[in-house]
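Only one structure is covered here, and it is reproduced in the block below.
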Amino acid sequence: MKNISTRDKKHLWHPLTQHKLHPDTVAITRAKGALLYDDEGKEYIDGIASWYTCVYGHCHPYIAEAAYRQMTQLDHVVFSGFTHEPAVRLSEALMEILPDNQQKLFFSDNGSTASDVAIKMALQYHFNQGRKRDVLIAFEEGFHGDTFGAMSVSGLSVYNGPFSDFFLNVKRIPVPDGTNSGEVIEQFEEILRTENVAGFIYEPLVQGAAAMKMHDAEGLNTLIRLCKEYDVIAIADEVMTGFGKTGKNFASEYMEQLPDIISMSKALTAGMLPMALTSCTQKVYDAFYSDDISKGLFHGHTYSANPVACSVALAGIELLRSDEMQENIKRITASHRRFDEVIKKHPKVARTRQLGVIYALEIKVDTERYGGLRDKLFQFFMEEGVYLRPLGNTVYILAPYVATDEQLQKIYNTIERALNSVVD
Ligand SMILES: *Cc1c(COP(=O)(O)O)cnc(C)c1O
């Protein structure tokens, strides 16, 4: 039997991959804690928690046990008309950690569908009250997923360019970065005044796909406050930022003004199973609550509130709230800060940024060379046993909270060596 990577080539089509340019894959056979192992036994530190999902560590026994226990009790049942303990318990647990104004939870399967549900809630919130509001506001470099609604509100790029003729009506604004906030706020209010705006969707404080670009809490707070003034639904996409990564359970807690809607996925299920949630305020929910059946939210996925995924999410929240994980988050935050003190002075480093356990470093490059750099860095990291996925000239770290000090140190050393040997 040929090896896994060779057999993979025959039938598989990978996400976000141009197969002609990147024909090779690495076969991963198992994972534990912060480590991934390939089919030759080589280990890699998972420096990005497998796209920010496995934050409590891979194959965490507490999560795995919760899944197994639920699998032998109730695997799946329709969630229209039926309910079950795992969903109810998950809702109760989430209410304890979500911003206070969030009251209702709607299930879907992934971050993109959570965005789509949020967008539909915002549009229908106005529709149900007899108002025609058909414009959405989003940040220029935002990312909210790959389904049509989510793609529409994402920044234009190689991902959504071919479909741009089919998008929802979206106005894009830059993020308030502290230097431009006055202009951004003015532009925002101008749109609110002149267009029929239904909602504003944003990744609070950190834009993941834009290479962990960070913005200003005060500026964002003002934008959300303006939304309230114009009865525009503020949607915080916390798919990446949720569940402790920014140093708080949700990035929205950094702002005084709270969003009307929050979307969650990724770390929600600790990397064990796919699931997503869109939460909203009582005000949003009440706009759908009616004797008129057509005012309901007629959106539903077959696997809504899958009991096993709910049990896993519940176990994940218990871990998040444990002293151990809270200590880990603080430890990694402090560790990144110490690394930053040193590395930001490196001549090849243009700038750095950090919020909680999210750390990013921009490499100084002349743009012509930029194309090949990303791949060279990636190769270097993999050879050294560190899994990081640079975005353009940005290297970012978002390791599982259980990454040890030694593992963090290895990530830092590897980045530093890459700066010295790969970047020219
Ligand atoms: C990953 C991501 C999504 C999309 O989630 P999928 O599960 O990949 O569909 C949406 N929003 C943000 C902020 C994300 O990071």
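Numbering starts fresh at 1 for the residues of each chain in the structure tokens, the chains themselves are lettered A, B, ... in the order given, and ligands are numbered from 1 as they appear.
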
So that I can check the surroundings of segment 289-291 of chain A, please list as a PyMOL selection string every protein, DNA and RNA residue that reaches within 12 Å of it, counting only C-alpha atoms and ignoring chain neighbours fewer than 5 positions away. chain A and resi 124-125+128-129+282-284+296-297

Excluding segment 188-201 of chain A and residues on its chain fewer than 5 positions from it, collect all residues at most 8 Å away from it, counting only C-alpha atoms, and give them as a PyMOL selection string.
chain A and resi 119+122-123+126+132-139+153+171+173+223+226-227+230+232-237

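Residue nearest ligand 1 within the list A:Ser157, A:Thr269, A:Thr222, A:Asn420: A:Thr269 [criterion: smallest interatomic distance, only C-alpha atoms and all ligand atoms].
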
Return as a count of residues only every polymer residue, whether protein, DNA or RNA, with at least one atom no more than 9 Å from an atom of ligand 1; count only C-alpha atoms and all ligand atoms.
37

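Within 7 Å of segment 61-74 of chain A, once only C-alpha atoms are used and residues closer than 2 positions along the same chain are dropped, the contacting residues are Cys59, His76, Pro307, Val308, Ser311, Val312, Ala315 and Gly316 of chain A.
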
Those same residues, written as a tab-separated table (two decimals), in the first residue's frame with N, CA and C atoms?
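Output saved as again03.tsv:
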chain	number	residue	atom	x	y	z
A	59	CYS	N	-7.20	15.88	21.47
A	59	CYS	CA	-7.64	14.62	22.08
A	59	CYS	C	-7.66	14.71	23.60
A	76	HIS	N	-28.28	11.41	17.80
A	76	HIS	CA	-28.81	12.59	17.13
A	76	HIS	C	-30.33	12.51	17.10
A	307	PRO	N	-26.42	16.29	19.70
A	307	PRO	CA	-26.17	16.10	21.14
A	307	PRO	C	-24.70	15.82	21.48
A	308	VAL	N	-24.02	15.09	20.61
A	308	VAL	CA	-22.60	14.79	20.90
A	308	VAL	C	-21.78	16.08	20.83
A	311	SER	N	-22.44	18.13	23.90
A	311	SER	CA	-21.75	17.60	25.09
A	311	SER	C	-20.28	17.98	25.07
A	312	VAL	N	-19.70	17.91	23.88
A	312	VAL	CA	-18.31	18.29	23.71
A	312	VAL	C	-18.12	19.78	24.02
A	315	ALA	N	-18.27	20.36	27.74
A	315	ALA	CA	-17.01	19.95	28.39
A	315	ALA	C	-15.92	20.99	28.13
A	316	GLY	N	-15.93	21.54	26.92
A	316	GLY	CA	-14.94	22.57	26.57
A	316	GLY	C	-15.10	23.80	27.45

Which polymer residues have any atom within 10 Å of an atom of Phe298 of chain A, counting only C-alpha atoms, with same-chain residues fewer than 4 positions away left out, as a list in words?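 The filter keeps Lys120, Ile293 and Ser294 of chain A.
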
**Request:** Show which residues sit within 12 Å of Leu355 of chain A, as a ChimeraX atom specification. Count only C-alpha atoms, and ignore same-chain residues fewer than 6 positions away.
**Result:** /A:204-208,212-217,241,244-248,250-251,254,329-330,332-334,336-337,340,396-398

Correct to one decimal, the distance atom CA of Val349 of chain A-atom CA of Asn393 of chain A is 10.0 Å

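With only C-alpha atoms taken into account, the protein and nucleic acid residues at most 8 Å from Cys54 of chain A (excluding it and anything under 4 positions from it in its own chain) are Ala49, Ser50, His58, Ala267, Ala270, Gly271, Met272 and Pro400 of chain A.
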
(request) Enumerate as a VMD selection string all residues of segment 47-241 of chain A assigned to strand (DSSP E or B) by DSSP on the backbone, naming them with the chain letters and numbers the document uses. (result) chain A and resid 58 104 to 108 135 to 139 170 to 173 197 to 202 206 to 207 213 to 214 233 to 237

Counting only C-alpha atoms, the residue among A:Phe339, A:Trp13, A:Phe378, A:Phe106 that lies closest to Gly392 of chain A is A:Phe378

What does the distance from atom CA of Gly300 of chain A to atom CA of Arg89 of chain A come to in Å, to one decimal?
->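 So the answer is 20.5 Å.
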
*Name the residues in contact with Asp24 of chain A at a cut-off of 12 Å, using only C-alpha atoms, excluding same-chain residues fewer than 6 positions from it; report them as a list of chain:residue names.*
A:Ile4, A:Ser5, A:Thr6, A:Arg7, A:Asp8, A:Lys9, A:Lys10, A:Leu12, A:Trp13, A:His14, A:Thr17, A:Gln18, A:Gln379
